[in-house]
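J.: What follows is a structure written as structure tokens; I'll ask about it next.
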Number of protein chains: 2
Amino acid sequence: MITVEWTAEGVRMIDQRALPTEELYPVYSTYEGVAEAIREMVVRGAPAIGVTAALGIALGLKTSLAPSVVALEDEFLNICDLMAATRPTAVNLFWAIDRMKRVFAAAKATGADAPALRETMIAEAQAIHAEDIDTCRSIGRHGADLIPDGATVLTHCNAGALATAGYGTALGVIRGAIEQGKTIQVFADETRPFLQGARLTAWELMKDEIPTTLITDNMAGHFMKLGRIQCIVVGADRIAANGDTANKIGTYMVAVLAKRHGIPFYVAAPISTLDLTLASGDEIPIEDRTPLEVTHIKGQRVAPEGVAVANPAFDVTPNDLVTAIITERGVARAPFTESLRALAG
Amino acid sequence: MITVEWTAEGVRMIDQRALPTEELYPVYSTYEGVAEAIREMVVRGAPAIGVTAALGIALGLKTSLAPSVVALEDEFLNICDLMAATRPTAVNLFWAIDRMKRVFAAAKATGADAPALRETMIAEAQAIHAEDIDTCRSIGRHGADLIPDGATVLTHCNAGALATAGYGTALGVIRGAIEQGKTIQVFADETRPFLQGARLTAWELMKDEIPTTLITDNMAGHFMKLGRIQCIVVGADRIAANGDTANKIGTYMVAVLAKRHGIPFYVAAPISTLDLTLASGDEIPIEDRTPLEVTHIKGQRVAPEGVAVANPAFDVTPNDLVTAIITERGVARAPFTESLRALAG
């Protein structure tokens, strides 16, 4: 299973909207197509969005007919703007775009011509892709120690291989614990409205033969109350300087319940998910998505015509509910303002 | 809109599985059909289940060919057993069956013959039906005073007209507040897996032109955190002597979040929902339903084939999270063991 990859024909990705019933691998041969794929959630998950945006930008430069460095740069910046406008919450998108911009500027400063710039940028996007898998494996190693042998771990949404270039962040921690020889079971929240837990997390964990029980989001508290869940690991879309964490809608409720039941609540995310420019989670922009995601499931209407709907795609979990943040450089604990700054270097 | 009614042809009810896309009114001409309709959730909601079971028992007696009182009683008790086996959690079912048994025994003791017994039991079932609407209106009047003018009220599942013979318990409180001239808005949790909130609550509130916003269950905490919700009203399937309340799965998470945000959490239910034989909610049997409710939505698969699923239909909210219990006889507050016993008389 490959989340996203660079091919001679364009950017190829698994269509996450079609899973688990169909395993489709469309190839996008234009950067506009890649941007649309991000917007429409063909690919989703904060790290995967960053990687895909970088590959999309590289694709735009590869297919560009710009004759000069000036024309190429103009086109490059337009492509970056288009990518930046796809989704607002996951900061990894902006991190990847900024990194591409820095590399472009540095290469241009060395006097590289347009063909050389194209080569450099394609290589950089591929490096971002390759590094993401390594990053996830490091997150998995750091996080594995926190998961007790025999634990049942609850996760929300999909912070797995499908949300990254591979291996996963939250699911990377679970995979890391299993690689240590531990026996781990997973409870997966189905994660309405997009059903990432039911469609993606359950699917990829079953592929790895990791015992997984699917529940609806509103069952998590019941199973915590029954003592059936020993720890919680989720991913993140953006982490403010103080540790407040934006993640898929519903994460906040899981964290509040975890606190009530004294269950450790871990966030697993790469350093690229940190946004140290934001003092707290109150400043994180929360994407509102179409009501159709709530009123329709697989094209079937499940709510009355004309009903008002709210569909915030993310919520913010305040740092006091977060036991630790697991990154590729180590584990941060409260006070997060200091520990995160230290890890970010 | 009629939830359930007695007709010359049998027990007629709105098929709640087909709402909101289709408004169907099947008529069940046998008691076995009525029992199956309860089991398959054609009708659901604790008070509605009790009313429907009573009407189903009356139908069984009406269509019985038993020639003697002894034979009729035998058949009656078998019908009661069948009804009692349909669903385990809502105590209103057992309350209605017990009431029918008491009336049967009393009528038999007066020397009534089989035809007279049939008439008595049909009348009793119709009385249970009629009383339920009055009960809901009384709950609405008592609860209305607790809802502030201008409030946005969150509700979970459907404790409305469709969950009762009419008017509703939790939605009865909202209707009562509006009848007092208050301006009320509603947030309706969609309530996976059966989507009672999306399909039923949104539908019946829109019919009454009560402003309603549909959200997925995992969004409730986010909107509480944003200060968008002023109080919560839910129904109940069984309330233990200490006030612990079994209600639709997910109610517990709403209650925990309400506590964190200092939002009043009200339970609205008839006295018939009290089970004073149970000291605490730990003793309430929780129904597990088919995995298909989680893995499929409107016949469409949304999870991988063969995935393990848990599907508890209810959870228990401990009394310390309940601000008050609103009944047709008044409002009970902590300590509930005393206040509920006083109301139960």
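Convention: chains lettered A, B, ... in structure tokens order; per-chain residue numbering from 1; ligands numbered from 1 as shown.
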As an NGL selection string, please: every residue in stretch 142-326 of chain A that DSSP puts in strand (DSSP E or B).

T.: :A and (152-155 or 185-189 or 212-215 or 231-234 or 238-240 or 245-248 or 265-268 or 274-275 or 288 or 296-297 or 300-301 or 308-309 or 312 or 314-317 or 324-326)

J.: Provide as a ChimeraX atom specification the residues of chain B at most 9 Å from chain A, counting only C-alpha atoms.

T.: /B:19-21,190-193,195,197-200,202-203,206,211-222,249-254,256-257,260,294-295,297-298,300-305,307-316

J.: What's the separation between atom CA of A:Thr273 and atom CA of A:Arg175, in Å to one decimal place?

T.: 20.4 Å

J.: Env of stretch 39-45 of chain B: 6 Å cut, atoms = only C-alpha atoms, seq-sep filter 5 positions within chain, self excluded. Answer as a list in words.

T.: Asp15, Gln16, Arg17, Thr86 and Ala163 of chain B

J.: Using the selection just defined, write its residues with C-alpha atoms as an mmCIF file, in the first residue's frame.

T.:
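Ended up saving to again.cif:
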```cif
data_model
loop_
_atom_site.group_PDB
_atom_site.id
_atom_site.type_symbol
_atom_site.label_atom_id
_atom_site.label_comp_id
_atom_site.auth_asym_id
_atom_site.auth_seq_id
_atom_site.Cartn_x
_atom_site.Cartn_y
_atom_site.Cartn_z
ATOM 1 C CA ASP B 15 -41.553 3.132 10.126
ATOM 2 C CA GLN B 16 -38.733 5.026 11.840
ATOM 3 C CA ARG B 17 -36.107 3.143 9.839
ATOM 4 C CA THR B 86 -37.618 -7.886 22.296
ATOM 5 C CA ALA B 163 -39.936 8.151 20.970
#
```

J.: As a list in words, which residues of stretch 62-98 of chain B does DSSP assign to helix (DSSP H, G or I)?

T.: Lys62, Val69, Val70, Ala71, Leu72, Glu73, Asp74, Glu75, Phe76, Leu77, Asn78, Ile79, Cys80, Asp81, Leu82, Met83, Ala84, Val91, Asn92, Leu93, Phe94, Trp95, Ala96, Ile97 and Asp98 of chain B

J.: So that I can see what lies close to B:Leu276, please list as a list in words the residues with an atom at most 8 Å from it, counting only C-alpha atoms and leaving out residues fewer than 5 positions away in the same chain.

T.: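 Contacts, in chain order: Ile239, Ala240, Ala241 and Arg341 of chain B.
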
J.: Pull N, CA, C and O atoms from the residues just selected and write them as an mmCIF file, in the first residue's frame.

T.:
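Output file out-v9.cif is given in full below:
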```cif
data_model
loop_
_atom_site.group_PDB
_atom_site.id
_atom_site.type_symbol
_atom_site.label_atom_id
_atom_site.label_comp_id
_atom_site.auth_asym_id
_atom_site.auth_seq_id
_atom_site.Cartn_x
_atom_site.Cartn_y
_atom_site.Cartn_z
ATOM 1 N N ILE B 239 -33.721 4.432 34.632
ATOM 2 C CA ILE B 239 -33.076 5.230 35.671
ATOM 3 C C ILE B 239 -33.075 4.416 36.960
ATOM 4 O O ILE B 239 -34.131 3.994 37.437
ATOM 5 N N ALA B 240 -31.880 4.173 37.503
ATOM 6 C CA ALA B 240 -31.764 3.403 38.745
ATOM 7 C C ALA B 240 -32.177 4.269 39.933
ATOM 8 O O ALA B 240 -32.332 5.491 39.811
ATOM 9 N N ALA B 241 -32.338 3.631 41.086
ATOM 10 C CA ALA B 241 -32.827 4.324 42.281
ATOM 11 C C ALA B 241 -31.943 5.511 42.666
ATOM 12 O O ALA B 241 -32.426 6.506 43.210
ATOM 13 N N ARG B 341 -37.484 8.581 44.977
ATOM 14 C CA ARG B 341 -38.418 7.766 45.761
ATOM 15 C C ARG B 341 -39.658 8.587 46.108
ATOM 16 O O ARG B 341 -40.791 8.103 46.025
#
```

J.: Do you know which residues are at most 8 Å from A:Leu72 counting only C-alpha atoms, after dropping those on the same chain fewer than 5 positions away, and could you put them as a CSV table (one decimal) with N, CA and C atoms, in the first residue's frame?

T.:
```
chain,number,residue,atom,x,y,z
A,61,LEU,N,6.5,22.3,-11.5
A,61,LEU,CA,7.7,22.8,-12.1
A,61,LEU,C,8.2,22.0,-13.2
A,64,SER,N,6.2,22.7,-16.3
A,64,SER,CA,6.2,24.1,-16.7
A,64,SER,C,7.0,24.3,-17.9
A,66,ALA,N,8.0,27.4,-18.6
A,66,ALA,CA,8.7,28.7,-18.4
A,66,ALA,C,10.1,28.7,-18.9
A,67,PRO,N,10.4,29.7,-19.8
A,67,PRO,CA,11.7,29.7,-20.5
A,67,PRO,C,12.9,30.2,-19.6
A,114,ALA,N,16.9,27.4,-15.2
A,114,ALA,CA,15.6,26.8,-15.1
A,114,ALA,C,15.6,25.3,-15.0
```

J.: Would you compute the distance between atom CA of A:Val173 and atom CA of A:Ile263? Give it in Å to one decimal.

T.: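 Atom-to-atom, atom CA of A:Val173 to atom CA of A:Ile263, that is 16.5 Å.
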
J.: Nearest residue to B:Tyr266 out of B:Val103, B:Ile210, B:Ile133, B:Val153, using only C-alpha atoms?

T.: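 Closest to B:Tyr266, using only C-alpha atoms: B:Val153.
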
J.: Just the residues within 10 Å of B:Glu5, please, counting only C-alpha atoms, with nothing from its chain fewer than 5 positions along; format it as an MDAnalysis selection string.

T.: chainID B and resid 10:14 27 51:52 55 126 129:130 165

J.: Store the residues of this selection in a file with N, CA, C and O atoms, as an mmCIF file, in the first residue's frame.

T.:
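out14.cif, freshly written:
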```cif
data_model
loop_
_atom_site.group_PDB
_atom_site.id
_atom_site.type_symbol
_atom_site.label_atom_id
_atom_site.label_comp_id
_atom_site.auth_asym_id
_atom_site.auth_seq_id
_atom_site.Cartn_x
_atom_site.Cartn_y
_atom_site.Cartn_z
ATOM 1 N N GLY B 10 -55.220 -3.401 13.095
ATOM 2 C CA GLY B 10 -54.054 -3.814 13.852
ATOM 3 C C GLY B 10 -53.312 -2.600 14.394
ATOM 4 O O GLY B 10 -53.875 -1.501 14.467
ATOM 5 N N VAL B 11 -52.044 -2.799 14.759
ATOM 6 C CA VAL B 11 -51.250 -1.698 15.312
ATOM 7 C C VAL B 11 -50.514 -1.028 14.153
ATOM 8 O O VAL B 11 -49.744 -1.661 13.442
ATOM 9 N N ARG B 12 -50.768 0.252 13.985
ATOM 10 C CA ARG B 12 -50.187 1.015 12.895
ATOM 11 C C ARG B 12 -49.087 1.898 13.468
ATOM 12 O O ARG B 12 -49.250 2.484 14.544
ATOM 13 N N MET B 13 -47.959 1.953 12.790
ATOM 14 C CA MET B 13 -46.893 2.833 13.287
ATOM 15 C C MET B 13 -46.110 3.407 12.123
ATOM 16 O O MET B 13 -46.124 2.861 11.020
ATOM 17 N N ILE B 14 -45.456 4.520 12.381
ATOM 18 C CA ILE B 14 -44.575 5.089 11.364
ATOM 19 C C ILE B 14 -43.285 4.272 11.375
ATOM 20 O O ILE B 14 -42.770 3.908 12.446
ATOM 21 N N VAL B 27 -49.029 -1.410 8.932
ATOM 22 C CA VAL B 27 -49.985 -1.874 9.940
ATOM 23 C C VAL B 27 -49.628 -3.319 10.281
ATOM 24 O O VAL B 27 -49.477 -4.148 9.377
ATOM 25 N N VAL B 51 -45.595 1.645 25.107
ATOM 26 C CA VAL B 51 -46.937 1.812 24.535
ATOM 27 C C VAL B 51 -47.185 0.756 23.457
ATOM 28 O O VAL B 51 -48.247 0.114 23.417
ATOM 29 N N THR B 52 -46.200 0.567 22.589
ATOM 30 C CA THR B 52 -46.362 -0.371 21.474
ATOM 31 C C THR B 52 -46.504 -1.803 21.981
ATOM 32 O O THR B 52 -47.310 -2.587 21.447
ATOM 33 N N LEU B 55 -50.017 -2.242 23.184
ATOM 34 C CA LEU B 55 -50.942 -2.375 22.055
ATOM 35 C C LEU B 55 -50.766 -3.738 21.380
ATOM 36 O O LEU B 55 -51.741 -4.359 20.946
ATOM 37 N N GLN B 126 -55.043 1.050 25.310
ATOM 38 C CA GLN B 126 -55.359 2.373 24.774
ATOM 39 C C GLN B 126 -55.191 3.455 25.837
ATOM 40 O O GLN B 126 -54.783 4.577 25.532
ATOM 41 N N HIS B 129 -51.558 4.244 26.038
ATOM 42 C CA HIS B 129 -51.235 5.104 24.899
ATOM 43 C C HIS B 129 -51.635 6.553 25.184
ATOM 44 O O HIS B 129 -50.827 7.483 25.034
ATOM 45 N N ALA B 130 -52.865 6.735 25.617
ATOM 46 C CA ALA B 130 -53.378 8.096 25.836
ATOM 47 C C ALA B 130 -52.636 8.789 26.974
ATOM 48 O O ALA B 130 -52.305 9.977 26.892
ATOM 49 N N ALA B 165 -45.699 8.341 22.645
ATOM 50 C CA ALA B 165 -46.963 8.373 21.908
ATOM 51 C C ALA B 165 -47.165 9.732 21.243
ATOM 52 O O ALA B 165 -47.984 9.880 20.341
#
```

J.: Have a look at atom CA of A:Asp149 and atom CA of A:Thr183 and let me know their distance in Å, one decimal.

T.: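 Interatomic distance here is 5.6 Å.
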